[in-house]
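Here the structure comes first, spelled out in C-alpha cells, and everything after it is commentary.
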Amino acid sequence: MHPFSYVPAQDPLFGVVDVELDHEGGSLVVDGEGISRVEVRRAAGAAVESHVPIGTRDAECLSMTVDGAAVSLRPAKGFLTRKSYRVDVGAYRLVPDSLDGSKLLRGGAVLGVFSSSGDGGVSVEWKGEPRADDAAVGYALAAAFGTGAEPMWKLTLDALLELWP
C-alpha cells in the first residue's frame, strides 16, 4: 500500500472527517472541523503485517495521540474469537461484531458501528449520543486496525487447517 488521502468521510453528526493512512510508513492521521486530531504511529523497524492497515497489532510498536496528548493504545493479538481482535484506548473499545463491522464502546455503552475497507475508507452508523472525541477515536481505530472479523467457528476451522500437513 502507498500513502493515501481518501475522499473525506461525511459524518452525519460531525461533518467532514479526513483520514490519511500510510501503511508502508506506519502512520495514520484523522482530523476534521468537528473532531479532535488523532495520530497513530508504528515504530520504525517494527515488523509489518500486510493484513493490518497500520502494519502491526503489537502495542509495544504503536503510539497514539488525541489532540497532541499521548494515550494508551492496547490492541489484542487477534486469533480465534471476534473479541480477540478488540482494540482498547482508555475507556474506549472497538470490537468486531460482524463480518464487516465493529462496535465502538465507551465504558461499555455502544456508541456506533464502524465499517472500514482496510485501506483508510471508514463509515459509521451512530447508535448513541457520541461526542467529538468519540468520533475521532472511532475513526482512527477503524482505519488503523480495520473492522469486522470472521465468526469463531470459521476462525477455528482456519487455524486447524493451518496445522494440517
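Scheme for the C-alpha cells: letters A, B, ... for chains in order shown; per-chain residue numbers from 1; ligand numbers from 1 in order shown.
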
With range 21-44 of chain A as the partner and 12 Å as the cut-off, tabulate the residues of range 101-144 of chain A that qualify, each row holding the nearest pair of atoms and their distance in Å to one decimal, using only C-alpha atoms, sorted by chain and rising number, as a tab-separated table.
```
residue	atom	partner	partner_atom	distance
A:Gly118	CA	A:Leu21	CA	9.9
A:Asp119	CA	A:Leu21	CA	7.3
A:Gly120	CA	A:Leu21	CA	5.7
A:Gly121	CA	A:Leu21	CA	9.3
A:Val122	CA	A:Val30	CA	10.7
A:Pro130	CA	A:Ile35	CA	11.0
A:Arg131	CA	A:Ile35	CA	8.5
A:Ala132	CA	A:Ile35	CA	4.7
A:Asp133	CA	A:Ser36	CA	5.9
A:Asp134	CA	A:Ile35	CA	8.6
A:Ala135	CA	A:Ile35	CA	6.8
A:Ala136	CA	A:Ile35	CA	5.7
A:Val137	CA	A:Val38	CA	6.9
A:Gly138	CA	A:Val30	CA	9.8
A:Tyr139	CA	A:Val30	CA	7.0
A:Ala140	CA	A:Val30	CA	5.9
A:Leu141	CA	A:Val40	CA	8.7
A:Ala142	CA	A:Val30	CA	10.7
A:Ala143	CA	A:Leu21	CA	7.6
A:Ala144	CA	A:Leu28	CA	6.7
```

Go ahead and write the selection's residues with N, CA and C atoms as a short mmCIF file (atom, residue, chain, number, x, y, z; two decimals), in the first residue's frame.
```cif
data_model
loop_
_atom_site.label_atom_id
_atom_site.label_comp_id
_atom_site.auth_asym_id
_atom_site.auth_seq_id
_atom_site.Cartn_x
_atom_site.Cartn_y
_atom_site.Cartn_z
N GLY A 118 -10.33 -1.21 5.11
CA GLY A 118 -8.98 -1.68 5.41
C GLY A 118 -7.91 -0.85 4.73
N ASP A 119 -8.32 0.13 3.94
CA ASP A 119 -7.35 0.97 3.25
C ASP A 119 -7.55 2.45 3.56
N GLY A 120 -8.19 2.75 4.68
CA GLY A 120 -8.38 4.14 5.10
C GLY A 120 -9.80 4.64 4.95
N GLY A 121 -10.62 3.99 4.13
CA GLY A 121 -12.01 4.40 3.99
C GLY A 121 -12.82 3.91 5.18
N VAL A 122 -13.56 4.81 5.83
CA VAL A 122 -14.31 4.46 7.04
C VAL A 122 -15.71 5.08 6.97
N PRO A 130 -22.77 10.28 20.63
CA PRO A 130 -21.31 10.42 20.68
C PRO A 130 -20.86 11.87 20.81
N ARG A 131 -19.68 12.01 21.40
CA ARG A 131 -19.00 13.30 21.48
C ARG A 131 -17.96 13.36 20.36
N ALA A 132 -17.37 14.51 20.17
CA ALA A 132 -16.36 14.70 19.12
C ALA A 132 -15.16 13.78 19.34
N ASP A 133 -14.72 13.59 20.59
CA ASP A 133 -13.59 12.70 20.87
C ASP A 133 -13.95 11.25 20.54
N ASP A 134 -15.20 10.87 20.78
CA ASP A 134 -15.64 9.51 20.45
C ASP A 134 -15.48 9.27 18.95
N ALA A 135 -15.93 10.22 18.16
CA ALA A 135 -15.84 10.09 16.71
C ALA A 135 -14.39 10.01 16.26
N ALA A 136 -13.55 10.87 16.78
CA ALA A 136 -12.14 10.89 16.39
C ALA A 136 -11.46 9.57 16.69
N VAL A 137 -11.66 9.06 17.90
CA VAL A 137 -11.05 7.79 18.29
C VAL A 137 -11.62 6.65 17.46
N GLY A 138 -12.93 6.62 17.26
CA GLY A 138 -13.56 5.57 16.47
C GLY A 138 -13.05 5.51 15.04
N TYR A 139 -12.99 6.66 14.37
CA TYR A 139 -12.47 6.70 13.01
C TYR A 139 -11.02 6.23 12.96
N ALA A 140 -10.21 6.68 13.93
CA ALA A 140 -8.79 6.30 13.95
C ALA A 140 -8.61 4.80 14.16
N LEU A 141 -9.32 4.22 15.11
CA LEU A 141 -9.17 2.79 15.37
C LEU A 141 -9.67 1.96 14.19
N ALA A 142 -10.80 2.34 13.61
CA ALA A 142 -11.33 1.60 12.46
C ALA A 142 -10.37 1.66 11.28
N ALA A 143 -9.79 2.84 11.03
CA ALA A 143 -8.85 2.98 9.91
C ALA A 143 -7.53 2.27 10.18
N ALA A 144 -7.03 2.33 11.42
CA ALA A 144 -5.72 1.75 11.75
C ALA A 144 -5.75 0.23 11.82
#
```

DSSP alpha helix (DSSP H) residues within range 29-145 of chain A, listed as number ranges by chain: A: 132-145

Could you please take those selected residues and save all heavy atoms as a PDB file, in the first residue's frame?
```pdb
ATOM      1  N   ALA A 132     -17.371  14.514  20.169  1.00  0.00           N
ATOM      2  CA  ALA A 132     -16.361  14.701  19.122  1.00  0.00           C
ATOM      3  C   ALA A 132     -15.159  13.782  19.342  1.00  0.00           C
ATOM      4  O   ALA A 132     -14.622  13.216  18.383  1.00  0.00           O
ATOM      5  CB  ALA A 132     -15.919  16.162  19.068  1.00  0.00           C
ATOM      6  N   ASP A 133     -14.724  13.594  20.588  1.00  0.00           N
ATOM      7  CA  ASP A 133     -13.589  12.702  20.867  1.00  0.00           C
ATOM      8  C   ASP A 133     -13.948  11.249  20.538  1.00  0.00           C
ATOM      9  O   ASP A 133     -13.103  10.494  20.077  1.00  0.00           O
ATOM     10  CB  ASP A 133     -13.149  12.794  22.330  1.00  0.00           C
ATOM     11  CG  ASP A 133     -12.349  14.053  22.614  1.00  0.00           C
ATOM     12  OD1 ASP A 133     -11.993  14.773  21.657  1.00  0.00           O
ATOM     13  OD2 ASP A 133     -12.067  14.315  23.798  1.00  0.00           O
ATOM     14  N   ASP A 134     -15.203  10.869  20.782  1.00  0.00           N
ATOM     15  CA  ASP A 134     -15.644   9.511  20.451  1.00  0.00           C
ATOM     16  C   ASP A 134     -15.483   9.268  18.949  1.00  0.00           C
ATOM     17  O   ASP A 134     -14.967   8.232  18.528  1.00  0.00           O
ATOM     18  CB  ASP A 134     -17.124   9.315  20.811  1.00  0.00           C
ATOM     19  CG  ASP A 134     -17.435   9.550  22.271  1.00  0.00           C
ATOM     20  OD1 ASP A 134     -16.540   9.419  23.119  1.00  0.00           O
ATOM     21  OD2 ASP A 134     -18.609   9.869  22.573  1.00  0.00           O
ATOM     22  N   ALA A 135     -15.933  10.222  18.162  1.00  0.00           N
ATOM     23  CA  ALA A 135     -15.843  10.087  16.707  1.00  0.00           C
ATOM     24  C   ALA A 135     -14.394  10.009  16.260  1.00  0.00           C
ATOM     25  O   ALA A 135     -14.030   9.156  15.445  1.00  0.00           O
ATOM     26  CB  ALA A 135     -16.553  11.260  16.021  1.00  0.00           C
ATOM     27  N   ALA A 136     -13.551  10.867  16.782  1.00  0.00           N
ATOM     28  CA  ALA A 136     -12.144  10.892  16.386  1.00  0.00           C
ATOM     29  C   ALA A 136     -11.456   9.569  16.692  1.00  0.00           C
ATOM     30  O   ALA A 136     -10.767   8.996  15.840  1.00  0.00           O
ATOM     31  CB  ALA A 136     -11.427  12.044  17.087  1.00  0.00           C
ATOM     32  N   VAL A 137     -11.663   9.061  17.895  1.00  0.00           N
ATOM     33  CA  VAL A 137     -11.046   7.791  18.289  1.00  0.00           C
ATOM     34  C   VAL A 137     -11.622   6.646  17.457  1.00  0.00           C
ATOM     35  O   VAL A 137     -10.893   5.780  16.976  1.00  0.00           O
ATOM     36  CB  VAL A 137     -11.215   7.532  19.806  1.00  0.00           C
ATOM     37  CG1 VAL A 137     -10.822   6.114  20.174  1.00  0.00           C
ATOM     38  CG2 VAL A 137     -10.392   8.532  20.603  1.00  0.00           C
ATOM     39  N   GLY A 138     -12.928   6.625  17.256  1.00  0.00           N
ATOM     40  CA  GLY A 138     -13.557   5.567  16.467  1.00  0.00           C
ATOM     41  C   GLY A 138     -13.050   5.514  15.042  1.00  0.00           C
ATOM     42  O   GLY A 138     -12.690   4.443  14.540  1.00  0.00           O
ATOM     43  N   TYR A 139     -12.992   6.660  14.373  1.00  0.00           N
ATOM     44  CA  TYR A 139     -12.467   6.696  13.005  1.00  0.00           C
ATOM     45  C   TYR A 139     -11.017   6.231  12.964  1.00  0.00           C
ATOM     46  O   TYR A 139     -10.616   5.473  12.081  1.00  0.00           O
ATOM     47  CB  TYR A 139     -12.576   8.106  12.412  1.00  0.00           C
ATOM     48  CG  TYR A 139     -13.913   8.405  11.787  1.00  0.00           C
ATOM     49  CD1 TYR A 139     -14.924   9.029  12.522  1.00  0.00           C
ATOM     50  CD2 TYR A 139     -14.182   8.069  10.467  1.00  0.00           C
ATOM     51  CE1 TYR A 139     -16.158   9.311  11.954  1.00  0.00           C
ATOM     52  CE2 TYR A 139     -15.411   8.345   9.889  1.00  0.00           C
ATOM     53  CZ  TYR A 139     -16.398   8.963  10.643  1.00  0.00           C
ATOM     54  OH  TYR A 139     -17.622   9.227  10.066  1.00  0.00           O
ATOM     55  N   ALA A 140     -10.211   6.676  13.933  1.00  0.00           N
ATOM     56  CA  ALA A 140      -8.792   6.302  13.948  1.00  0.00           C
ATOM     57  C   ALA A 140      -8.609   4.803  14.157  1.00  0.00           C
ATOM     58  O   ALA A 140      -7.825   4.163  13.445  1.00  0.00           O
ATOM     59  CB  ALA A 140      -8.051   7.088  15.030  1.00  0.00           C
ATOM     60  N   LEU A 141      -9.319   4.221  15.110  1.00  0.00           N
ATOM     61  CA  LEU A 141      -9.175   2.786  15.372  1.00  0.00           C
ATOM     62  C   LEU A 141      -9.666   1.956  14.193  1.00  0.00           C
ATOM     63  O   LEU A 141      -9.025   0.969  13.807  1.00  0.00           O
ATOM     64  CB  LEU A 141      -9.918   2.391  16.648  1.00  0.00           C
ATOM     65  CG  LEU A 141      -9.384   2.993  17.947  1.00  0.00           C
ATOM     66  CD1 LEU A 141     -10.221   2.514  19.131  1.00  0.00           C
ATOM     67  CD2 LEU A 141      -7.912   2.674  18.153  1.00  0.00           C
ATOM     68  N   ALA A 142     -10.801   2.344  13.609  1.00  0.00           N
ATOM     69  CA  ALA A 142     -11.331   1.603  12.463  1.00  0.00           C
ATOM     70  C   ALA A 142     -10.371   1.659  11.280  1.00  0.00           C
ATOM     71  O   ALA A 142     -10.147   0.658  10.602  1.00  0.00           O
ATOM     72  CB  ALA A 142     -12.705   2.150  12.073  1.00  0.00           C
ATOM     73  N   ALA A 143      -9.786   2.837  11.028  1.00  0.00           N
ATOM     74  CA  ALA A 143      -8.854   2.977   9.910  1.00  0.00           C
ATOM     75  C   ALA A 143      -7.529   2.275  10.183  1.00  0.00           C
ATOM     76  O   ALA A 143      -6.944   1.669   9.290  1.00  0.00           O
ATOM     77  CB  ALA A 143      -8.611   4.451   9.605  1.00  0.00           C
ATOM     78  N   ALA A 144      -7.032   2.332  11.416  1.00  0.00           N
ATOM     79  CA  ALA A 144      -5.725   1.754  11.751  1.00  0.00           C
ATOM     80  C   ALA A 144      -5.748   0.230  11.825  1.00  0.00           C
ATOM     81  O   ALA A 144      -4.776  -0.422  11.443  1.00  0.00           O
ATOM     82  CB  ALA A 144      -5.215   2.321  13.080  1.00  0.00           C
ATOM     83  N   PHE A 145      -6.855  -0.346  12.308  1.00  0.00           N
ATOM     84  CA  PHE A 145      -6.895  -1.790  12.539  1.00  0.00           C
ATOM     85  C   PHE A 145      -7.931  -2.525  11.695  1.00  0.00           C
ATOM     86  O   PHE A 145      -8.000  -3.752  11.737  1.00  0.00           O
ATOM     87  CB  PHE A 145      -7.136  -2.072  14.031  1.00  0.00           C
ATOM     88  CG  PHE A 145      -6.035  -1.533  14.887  1.00  0.00           C
ATOM     89  CD1 PHE A 145      -6.166  -0.330  15.538  1.00  0.00           C
ATOM     90  CD2 PHE A 145      -4.833  -2.221  15.000  1.00  0.00           C
ATOM     91  CE1 PHE A 145      -5.128   0.198  16.295  1.00  0.00           C
ATOM     92  CE2 PHE A 145      -3.798  -1.722  15.754  1.00  0.00           C
ATOM     93  CZ  PHE A 145      -3.948  -0.499  16.400  1.00  0.00           C
TER      94      PHE A 145
END
```

Quick one: everything within 10 Å of Trp126 in chain A, counting only C-alpha atoms, minus sequence neighbours fewer than 3 positions away in the same chain. Send it as a PyMOL selection string. chain A and resi 11-13+103-104+110-114+123+129-130+135

Go through chain A and collect every residue that DSSP, computed from the backbone, puts in strand (DSSP E); the answer should be as a PDB file with C-alpha atoms, in the first residue's frame.
```pdb
ATOM      1  CA  PHE A   4      -3.269   7.841   0.593  1.00  0.00           C
ATOM      2  CA  SER A   5      -5.621  10.635   1.441  1.00  0.00           C
ATOM      3  CA  ALA A   9     -15.977  10.769   5.137  1.00  0.00           C
ATOM      4  CA  GLN A  10     -19.146  12.802   5.573  1.00  0.00           C
ATOM      5  CA  ASP A  11     -20.124  12.029   9.138  1.00  0.00           C
ATOM      6  CA  GLY A  15     -19.215  16.788   9.254  1.00  0.00           C
ATOM      7  CA  VAL A  16     -16.162  16.133   7.112  1.00  0.00           C
ATOM      8  CA  VAL A  17     -13.591  13.679   8.523  1.00  0.00           C
ATOM      9  CA  ASP A  18     -10.219  13.372   6.770  1.00  0.00           C
ATOM     10  CA  VAL A  19      -8.291  10.090   7.005  1.00  0.00           C
ATOM     11  CA  GLU A  20      -4.676   9.771   5.838  1.00  0.00           C
ATOM     12  CA  LEU A  21      -3.167   6.284   6.071  1.00  0.00           C
ATOM     13  CA  ASP A  22       0.411   5.407   5.144  1.00  0.00           C
ATOM     14  CA  SER A  27       1.238   6.462  10.173  1.00  0.00           C
ATOM     15  CA  LEU A  28      -2.407   7.431  10.340  1.00  0.00           C
ATOM     16  CA  VAL A  29      -3.907  10.883  10.826  1.00  0.00           C
ATOM     17  CA  VAL A  30      -7.621  11.530  11.393  1.00  0.00           C
ATOM     18  CA  ASP A  31      -8.786  15.133  11.505  1.00  0.00           C
ATOM     19  CA  GLY A  32     -11.827  17.270  10.812  1.00  0.00           C
ATOM     20  CA  ILE A  35     -13.490  16.365  15.769  1.00  0.00           C
ATOM     21  CA  SER A  36     -10.151  16.145  17.533  1.00  0.00           C
ATOM     22  CA  ARG A  37      -6.950  15.322  15.640  1.00  0.00           C
ATOM     23  CA  VAL A  38      -5.786  11.742  16.233  1.00  0.00           C
ATOM     24  CA  GLU A  39      -2.454  10.267  15.158  1.00  0.00           C
ATOM     25  CA  VAL A  40      -1.369   6.631  15.288  1.00  0.00           C
ATOM     26  CA  ARG A  41       2.263   5.765  14.570  1.00  0.00           C
ATOM     27  CA  ARG A  42       4.113   2.483  14.123  1.00  0.00           C
ATOM     28  CA  LEU A  62       2.482   1.662  18.420  1.00  0.00           C
ATOM     29  CA  SER A  63       1.775   5.118  19.793  1.00  0.00           C
ATOM     30  CA  MET A  64      -1.365   7.237  19.669  1.00  0.00           C
ATOM     31  CA  THR A  65      -2.178  10.860  20.422  1.00  0.00           C
ATOM     32  CA  VAL A  66      -5.516  12.663  20.695  1.00  0.00           C
ATOM     33  CA  ALA A  69      -1.861  14.145  24.235  1.00  0.00           C
ATOM     34  CA  ALA A  70      -0.465  10.596  24.374  1.00  0.00           C
ATOM     35  CA  VAL A  71      -2.999   7.868  25.132  1.00  0.00           C
ATOM     36  CA  LEU A  73      -3.284   2.045  22.814  1.00  0.00           C
ATOM     37  CA  ARG A  74      -3.843  -1.672  23.532  1.00  0.00           C
ATOM     38  CA  PRO A  75      -4.760  -3.868  20.565  1.00  0.00           C
ATOM     39  CA  VAL A  87      -8.601  -2.561  20.455  1.00  0.00           C
ATOM     40  CA  ASP A  88      -8.715  -0.581  23.711  1.00  0.00           C
ATOM     41  CA  VAL A  89      -7.876   3.093  24.251  1.00  0.00           C
ATOM     42  CA  TYR A  92     -12.941   3.068  24.539  1.00  0.00           C
ATOM     43  CA  ARG A  93     -13.120  -0.348  22.927  1.00  0.00           C
ATOM     44  CA  LEU A  94     -13.511  -1.182  19.246  1.00  0.00           C
ATOM     45  CA  VAL A  95     -14.603  -4.807  18.878  1.00  0.00           C
ATOM     46  CA  PRO A  96     -15.815  -6.724  15.811  1.00  0.00           C
ATOM     47  CA  GLY A 101     -18.429  -4.099  11.260  1.00  0.00           C
ATOM     48  CA  SER A 102     -17.043  -3.253  14.674  1.00  0.00           C
ATOM     49  CA  LYS A 103     -18.811  -1.631  17.633  1.00  0.00           C
ATOM     50  CA  LEU A 104     -17.267   1.369  19.354  1.00  0.00           C
ATOM     51  CA  LEU A 105     -17.971   1.335  23.081  1.00  0.00           C
ATOM     52  CA  ARG A 106     -17.203   3.889  25.780  1.00  0.00           C
ATOM     53  CA  ALA A 109     -22.064   1.593  26.146  1.00  0.00           C
ATOM     54  CA  VAL A 110     -22.347   1.191  22.364  1.00  0.00           C
ATOM     55  CA  LEU A 111     -21.785   4.487  20.557  1.00  0.00           C
ATOM     56  CA  GLY A 112     -21.790   3.319  16.960  1.00  0.00           C
ATOM     57  CA  VAL A 113     -20.854   0.658  14.431  1.00  0.00           C
ATOM     58  CA  PHE A 114     -17.865   1.360  12.187  1.00  0.00           C
ATOM     59  CA  SER A 115     -17.040  -0.207   8.868  1.00  0.00           C
ATOM     60  CA  SER A 116     -13.666   0.117   7.159  1.00  0.00           C
ATOM     61  CA  VAL A 122     -14.313   4.465   7.040  1.00  0.00           C
ATOM     62  CA  SER A 123     -18.051   4.859   7.615  1.00  0.00           C
ATOM     63  CA  VAL A 124     -20.156   4.841  10.783  1.00  0.00           C
ATOM     64  CA  GLU A 125     -23.727   4.335  11.918  1.00  0.00           C
ATOM     65  CA  TRP A 126     -24.154   6.122  15.244  1.00  0.00           C
TER      66      TRP A 126
END
```

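Minimum atom-to-atom distance to Thr56 in chain A, evaluated using only C-alpha atoms, belongs to A:Gly146 out of A:Gly108, A:Gly128, A:Pro165, A:Gly146.
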
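In this structure, CA of Val52 in chain A sits 16.1 Å away from CA of Lys83 in chain A.
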
Between CA of Lys77 in chain A and CA of Asp58 in chain A, what is the spacing in Å? 7.4 Å

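Between Cys61 in chain A and the candidates A:Lys127, A:Ala76, A:Gly45, A:Phe14, the tightest atom-to-atom separation, counting only C-alpha atoms, involves A:Gly45.
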
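The space separating CA of Gly78 in chain A from CA of Arg57 in chain A comes to 8.3 Å.
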